[in-house]
file coords-v8.cif (mmCIF, C-alpha atoms)
data_data
loop_
_atom_site.label_atom_id
_atom_site.label_comp_id
_atom_site.auth_asym_id
_atom_site.auth_seq_id
_atom_site.Cartn_x
_atom_site.Cartn_y
_atom_site.Cartn_z
CA MET A 184 -5.03 -16.52 -7.77
CA LYS A 185 -1.42 -17.38 -8.58
CA THR A 186 1.19 -14.68 -8.17
CA PRO A 187 2.79 -13.97 -11.54
CA GLU A 188 6.52 -14.27 -11.98
CA PRO A 189 8.23 -11.05 -13.16
CA ILE A 190 10.79 -11.94 -15.83
CA PRO A 191 13.40 -9.44 -17.00
CA VAL A 192 13.86 -9.36 -20.77
CA TYR A 193 17.12 -8.14 -22.32
CA ARG A 194 18.03 -6.91 -25.80
CA THR A 195 19.08 -10.38 -27.01
CA GLU A 196 15.53 -11.63 -26.28
CA TRP A 197 13.63 -8.81 -28.02
CA SER A 198 12.93 -10.84 -31.16
CA GLU A 199 11.12 -13.50 -29.08
CA HIS A 200 8.70 -10.81 -27.86
CA ASN A 201 8.61 -8.66 -31.00
CA TRP A 202 9.98 -5.77 -28.91
CA ASP A 203 12.28 -2.79 -29.31
CA GLU A 204 13.67 -0.12 -26.97
CA SER A 205 10.23 1.45 -26.50
CA SER A 206 8.61 -1.80 -25.31
CA VAL A 207 7.79 -1.91 -21.60
CA ALA A 208 6.00 -5.08 -20.47
CA SER A 209 3.74 -7.94 -21.45
CA VAL A 210 1.45 -9.95 -19.18
CA HIS A 211 0.82 -13.62 -19.93
CA THR A 212 -2.08 -15.06 -17.96
CA GLY A 213 -2.95 -18.70 -17.58
CA ALA A 214 -1.90 -21.60 -15.39
CA GLU A 215 1.60 -20.12 -14.92
CA PRO A 216 1.13 -16.34 -15.17
CA LYS A 217 4.23 -14.35 -16.09
CA ILE A 218 5.05 -10.70 -16.61
CA PHE A 219 7.84 -9.94 -19.03
CA VAL A 220 9.56 -6.58 -18.42
CA ASN A 221 11.95 -4.90 -20.85
CA VAL A 222 15.03 -3.99 -18.81
CA PRO A 223 16.75 -1.94 -21.56
CA ASN A 224 13.60 0.16 -22.01
CA VAL A 225 14.57 3.54 -23.46
CA HIS A 226 13.71 5.44 -20.26
CA LEU A 227 15.65 3.15 -17.92
CA ASP A 228 18.52 2.88 -20.41
CA VAL A 229 18.94 6.68 -20.47
CA LEU A 230 18.91 6.81 -16.66
CA LEU A 231 21.52 4.08 -16.30
CA LYS A 232 23.79 5.55 -18.99
CA ARG A 233 23.70 9.05 -17.49
CA GLY A 234 26.49 7.83 -15.30
CA GLY A 235 27.61 8.27 -11.78
CA TYR A 236 26.03 5.11 -10.43
CA GLN A 237 27.97 2.30 -8.82
CA GLU A 238 27.23 -1.33 -9.70
CA THR A 239 25.05 -1.77 -6.59
CA GLY A 240 22.92 1.21 -7.57
CA LEU A 241 22.57 0.04 -11.16
CA SER A 242 21.49 -3.42 -10.03
CA ARG A 243 19.00 -1.97 -7.53
CA MET A 244 17.48 0.32 -10.14
CA LYS A 245 17.09 -2.52 -12.66
CA ASP A 246 15.50 -4.76 -10.00
CA ASN A 247 13.16 -1.99 -8.87
CA PHE A 248 12.19 -1.20 -12.46
CA VAL A 249 11.28 -4.84 -13.10
CA LEU A 250 9.26 -5.15 -9.86
CA TYR A 251 7.42 -1.81 -10.14
CA VAL A 252 6.58 -2.25 -13.82
CA ALA A 253 5.48 -5.86 -13.25
CA PHE A 254 3.22 -4.81 -10.38
CA TYR A 255 1.54 -2.09 -12.42
CA ALA A 256 1.25 -4.25 -15.56
CA TRP A 257 -0.43 -7.03 -13.56
CA SER A 258 -2.75 -4.54 -11.89
CA ARG A 259 -3.67 -3.03 -15.26
CA GLU A 260 -4.26 -6.47 -16.78
CA THR A 261 -6.51 -7.48 -13.88
CA HIS A 262 -8.51 -4.28 -14.25
CA LEU A 263 -8.88 -4.72 -18.02
CA LEU A 264 -10.19 -8.26 -17.55
CA GLN A 265 -12.84 -6.99 -15.11
CA ALA A 266 -13.90 -3.89 -17.04
CA PRO A 267 -13.39 -4.23 -20.80
CA SER A 268 -12.39 -1.05 -22.60
CA ALA A 269 -14.52 0.72 -25.20
CA LEU A 270 -11.36 0.94 -27.31
CA THR A 271 -10.63 -1.87 -29.75
CA GLY A 272 -8.08 -2.92 -32.32
CA GLU A 273 -5.22 -0.56 -33.17
CA GLU A 274 -6.73 2.19 -31.03
CA PHE A 275 -6.61 -0.10 -27.97
CA GLU A 276 -3.07 -1.29 -28.79
CA ARG A 277 -1.87 2.33 -29.11
CA TYR A 278 -3.53 3.26 -25.80
CA GLN A 279 -1.85 0.31 -24.05
CA ALA A 280 1.58 1.20 -25.47
CA GLU A 281 1.19 4.85 -24.45
CA GLU A 282 0.03 3.90 -20.95
CA LEU A 283 2.99 1.57 -20.48
CA ASP A 284 5.36 4.26 -21.76
CA ARG A 285 3.99 6.70 -19.14
CA LEU A 286 4.53 3.97 -16.56
CA ALA A 287 8.16 3.46 -17.63
CA GLN A 288 8.79 7.20 -17.38
CA THR A 289 7.20 7.38 -13.93
CA VAL A 290 9.09 4.38 -12.57
CA THR A 291 12.38 5.61 -14.02
CA TYR A 292 11.94 8.99 -12.36
CA SER A 293 10.96 7.41 -9.04
CA ILE A 294 14.09 5.22 -8.91
CA SER A 295 16.54 7.86 -10.12
CA SER A 296 18.82 9.47 -7.59
CA SER A 297 17.66 12.93 -8.66
CA ALA A 298 14.19 12.02 -7.39
CA ARG A 299 15.41 10.66 -4.06
CA THR A 300 15.36 12.59 -0.82
CA ALA A 301 17.14 9.97 1.31
CA PRO A 302 20.78 8.96 0.87
CA GLU A 303 21.64 5.60 -0.71
CA GLU A 304 22.24 2.65 1.58
CA SER A 305 25.57 0.88 1.30
#
call {"tool": "encode", "arguments": {"input": "coords-v8.cif", "output": "structure tokens"}}
result
Amino acid sequence: MKTPEPIPVYRTEWSEHNWDESSVASVHTGAEPKIFVNVPNVHLDVLLKRGGYQETGLSRMKDNFVLYVAFYAWSRETHLLQAPSALTGEEFERYQAEELDRLAQTVTYSISSSARTAPEES
């Protein structure tokens, strides 16, 4: 199995993916698997705009968001391919969007300084 490449997607690229601020990720399987992750996702965007973070912290949080979301999205995609869902059509699309939104909220909380117990490294 090839390891998929996580690719950060920014606001200027949203139209290519038919995304908006609530979009989280999209997995593309095939010969060259890729996972596209929406960096300005509404949850991460709020965290980064809350202020108080230095450039190193902002960069680390964006990188972590992309990696954690990509890992989960790939894991979810692999599971769905092995065990098809009883949901179909719009119901399935809505479930996927809601699941990815919960993921974005969880990852954002886990990388925020308010959720950390250890001090930041320099």
call {"tool": "atom_distance", "arguments": {"input": "coords-v8.cif", "atom1": "CA of Arg285 in chain A", "atom2": "CA of Ala208 in chain A"}}
result
12.0 Å
call {"tool": "resolve_selection", "arguments": {"input": "coords-v8.cif", "expression": "the PyMOL selection byres ((chain A and resi 190-199) around 12)", "output": "JSON, numbers by chain"}}
result
{"A": [187, 188, 189, 200, 201, 202, 203, 204, 205, 206, 207, 208, 209, 210, 211, 216, 217, 218, 219, 220, 221, 222, 223, 224, 225, 228, 245, 246, 247, 248, 249, 250, 251, 252, 253, 254]}
call {"tool": "write_last_selection", "arguments": {"input": "coords-v8.cif", "atoms": "C-alpha atoms", "output": "mmCIF file, keeping the file's coordinate frame"}}
result
data_model
loop_
_atom_site.group_PDB
_atom_site.id
_atom_site.type_symbol
_atom_site.label_atom_id
_atom_site.label_comp_id
_atom_site.auth_asym_id
_atom_site.auth_seq_id
_atom_site.Cartn_x
_atom_site.Cartn_y
_atom_site.Cartn_z
ATOM 1 C CA PRO A 187 2.790 -13.970 -11.540
ATOM 2 C CA GLU A 188 6.520 -14.270 -11.980
ATOM 3 C CA PRO A 189 8.230 -11.050 -13.160
ATOM 4 C CA HIS A 200 8.700 -10.810 -27.860
ATOM 5 C CA ASN A 201 8.610 -8.660 -31.000
ATOM 6 C CA TRP A 202 9.980 -5.770 -28.910
ATOM 7 C CA ASP A 203 12.280 -2.790 -29.310
ATOM 8 C CA GLU A 204 13.670 -0.120 -26.970
ATOM 9 C CA SER A 205 10.230 1.450 -26.500
ATOM 10 C CA SER A 206 8.610 -1.800 -25.310
ATOM 11 C CA VAL A 207 7.790 -1.910 -21.600
ATOM 12 C CA ALA A 208 6.000 -5.080 -20.470
ATOM 13 C CA SER A 209 3.740 -7.940 -21.450
ATOM 14 C CA VAL A 210 1.450 -9.950 -19.180
ATOM 15 C CA HIS A 211 0.820 -13.620 -19.930
ATOM 16 C CA PRO A 216 1.130 -16.340 -15.170
ATOM 17 C CA LYS A 217 4.230 -14.350 -16.090
ATOM 18 C CA ILE A 218 5.050 -10.700 -16.610
ATOM 19 C CA PHE A 219 7.840 -9.940 -19.030
ATOM 20 C CA VAL A 220 9.560 -6.580 -18.420
ATOM 21 C CA ASN A 221 11.950 -4.900 -20.850
ATOM 22 C CA VAL A 222 15.030 -3.990 -18.810
ATOM 23 C CA PRO A 223 16.750 -1.940 -21.560
ATOM 24 C CA ASN A 224 13.600 0.160 -22.010
ATOM 25 C CA VAL A 225 14.570 3.540 -23.460
ATOM 26 C CA ASP A 228 18.520 2.880 -20.410
ATOM 27 C CA LYS A 245 17.090 -2.520 -12.660
ATOM 28 C CA ASP A 246 15.500 -4.760 -10.000
ATOM 29 C CA ASN A 247 13.160 -1.990 -8.870
ATOM 30 C CA PHE A 248 12.190 -1.200 -12.460
ATOM 31 C CA VAL A 249 11.280 -4.840 -13.100
ATOM 32 C CA LEU A 250 9.260 -5.150 -9.860
ATOM 33 C CA TYR A 251 7.420 -1.810 -10.140
ATOM 34 C CA VAL A 252 6.580 -2.250 -13.820
ATOM 35 C CA ALA A 253 5.480 -5.860 -13.250
ATOM 36 C CA PHE A 254 3.220 -4.810 -10.380
#
call {"tool": "atom_distance", "arguments": {"input": "coords-v8.cif", "atom1": "CA of Ser295 in chain A", "atom2": "CA of Gln279 in chain A"}}
result
24.3 Å
call {"tool": "residues_near_point", "arguments": {"input": "coords-v8.cif", "point": "(18.2, 8.4, -15.3)", "cutoff": "12 Å", "atoms": "all atoms listed in the file", "output": "ChimeraX atom specification"}}
result
/A:224-236,240-241,244-245,248,287-299
call {"tool": "atom_distance", "arguments": {"input": "coords-v8.cif", "atom1": "CA of Arg259 in chain A", "atom2": "CA of Leu283 in chain A"}}
result
9.6 Å
call {"tool": "axis_aligned_box", "arguments": {"input": "coords-v8.cif", "around": "range 251-261 of chain A", "padding_each_side": "3 Å", "output": "AutoDock Vina command-line options"}}
result
--center_x 0.5 --center_y -4.6 --center_z -13.5 --size_x 19.9 --size_y 11.7 --size_z 12.6
call {"tool": "decode", "arguments": {"input": "coords-v8.cif", "residues": "range 216-253 of chain A", "atoms": "N, CA and C atoms", "output": "compact mmCIF listing (two decimals), in the first residue's frame"}}
result
# COMPACT_ATOMS: atom_id res chain seq x y z
N PRO A 216 -2.09 8.06 -4.20
CA PRO A 216 -3.09 8.53 -3.24
C PRO A 216 -2.68 9.86 -2.59
N LYS A 217 -3.67 10.73 -2.40
CA LYS A 217 -3.43 12.04 -1.80
C LYS A 217 -4.58 12.36 -0.85
N ILE A 218 -4.25 13.13 0.18
CA ILE A 218 -5.26 13.60 1.11
C ILE A 218 -5.16 15.11 1.14
N PHE A 219 -6.22 15.76 0.70
CA PHE A 219 -6.27 17.21 0.70
C PHE A 219 -6.91 17.66 2.02
N VAL A 220 -6.24 18.61 2.71
CA VAL A 220 -6.71 19.09 4.01
C VAL A 220 -6.87 20.60 3.95
N ASN A 221 -8.04 21.07 4.37
CA ASN A 221 -8.36 22.49 4.36
C ASN A 221 -7.72 23.20 5.55
N VAL A 222 -6.64 23.92 5.30
CA VAL A 222 -5.93 24.61 6.38
C VAL A 222 -6.78 25.73 7.00
N PRO A 223 -7.46 26.58 6.19
CA PRO A 223 -8.29 27.60 6.84
C PRO A 223 -9.67 27.08 7.23
N ASN A 224 -9.75 25.84 7.68
CA ASN A 224 -11.00 25.30 8.21
C ASN A 224 -11.48 26.21 9.34
N VAL A 225 -12.77 26.37 9.46
CA VAL A 225 -13.34 27.33 10.42
C VAL A 225 -12.81 27.11 11.84
N HIS A 226 -12.64 25.87 12.26
CA HIS A 226 -12.20 25.60 13.63
C HIS A 226 -10.74 26.00 13.83
N LEU A 227 -9.88 25.64 12.89
CA LEU A 227 -8.47 26.03 12.99
C LEU A 227 -8.32 27.54 12.83
N ASP A 228 -9.07 28.11 11.92
CA ASP A 228 -9.00 29.56 11.67
C ASP A 228 -9.33 30.34 12.94
N VAL A 229 -10.36 29.94 13.67
CA VAL A 229 -10.72 30.61 14.93
C VAL A 229 -9.58 30.48 15.93
N LEU A 230 -9.01 29.29 16.05
CA LEU A 230 -7.90 29.09 16.98
C LEU A 230 -6.72 30.00 16.65
N LEU A 231 -6.35 30.06 15.39
CA LEU A 231 -5.18 30.84 14.99
C LEU A 231 -5.42 32.34 15.12
N LYS A 232 -6.65 32.78 14.93
CA LYS A 232 -6.97 34.20 15.02
C LYS A 232 -7.19 34.67 16.45
N ARG A 233 -7.35 33.74 17.39
CA ARG A 233 -7.57 34.12 18.79
C ARG A 233 -6.40 34.90 19.33
N GLY A 234 -5.28 34.75 18.69
CA GLY A 234 -4.12 35.56 19.04
C GLY A 234 -3.22 34.95 20.10
N GLY A 235 -2.11 35.64 20.26
CA GLY A 235 -1.17 35.24 21.29
C GLY A 235 -0.14 34.20 20.86
N TYR A 236 -0.22 33.74 19.62
CA TYR A 236 0.72 32.74 19.17
C TYR A 236 1.82 33.38 18.33
N GLN A 237 3.04 32.91 18.53
CA GLN A 237 4.14 33.37 17.71
C GLN A 237 4.14 32.58 16.40
N GLU A 238 4.90 33.06 15.44
CA GLU A 238 4.92 32.44 14.11
C GLU A 238 5.27 30.96 14.17
N THR A 239 6.20 30.58 15.05
CA THR A 239 6.57 29.17 15.18
C THR A 239 5.39 28.33 15.64
N GLY A 240 4.64 28.84 16.60
CA GLY A 240 3.47 28.14 17.10
C GLY A 240 2.38 28.01 16.05
N LEU A 241 2.16 29.08 15.29
CA LEU A 241 1.16 29.05 14.23
C LEU A 241 1.52 28.01 13.18
N SER A 242 2.77 27.99 12.78
CA SER A 242 3.24 27.04 11.78
C SER A 242 3.10 25.61 12.30
N ARG A 243 3.48 25.39 13.55
CA ARG A 243 3.37 24.05 14.14
C ARG A 243 1.92 23.59 14.19
N MET A 244 1.02 24.49 14.58
CA MET A 244 -0.38 24.10 14.67
C MET A 244 -0.96 23.78 13.29
N LYS A 245 -0.61 24.56 12.28
CA LYS A 245 -1.08 24.27 10.92
C LYS A 245 -0.55 22.92 10.44
N ASP A 246 0.75 22.67 10.66
CA ASP A 246 1.35 21.40 10.25
C ASP A 246 0.70 20.23 10.97
N ASN A 247 0.50 20.37 12.28
CA ASN A 247 -0.13 19.31 13.06
C ASN A 247 -1.57 19.06 12.59
N PHE A 248 -2.29 20.13 12.31
CA PHE A 248 -3.67 19.99 11.84
C PHE A 248 -3.69 19.17 10.55
N VAL A 249 -2.83 19.53 9.61
CA VAL A 249 -2.77 18.81 8.33
C VAL A 249 -2.44 17.33 8.56
N LEU A 250 -1.43 17.05 9.37
CA LEU A 250 -1.02 15.66 9.60
C LEU A 250 -2.08 14.84 10.33
N TYR A 251 -2.66 15.41 11.41
CA TYR A 251 -3.65 14.67 12.19
C TYR A 251 -4.92 14.43 11.39
N VAL A 252 -5.38 15.45 10.68
CA VAL A 252 -6.59 15.30 9.88
C VAL A 252 -6.35 14.31 8.74
N ALA A 253 -5.19 14.40 8.09
CA ALA A 253 -4.87 13.47 7.00
C ALA A 253 -4.84 12.02 7.51
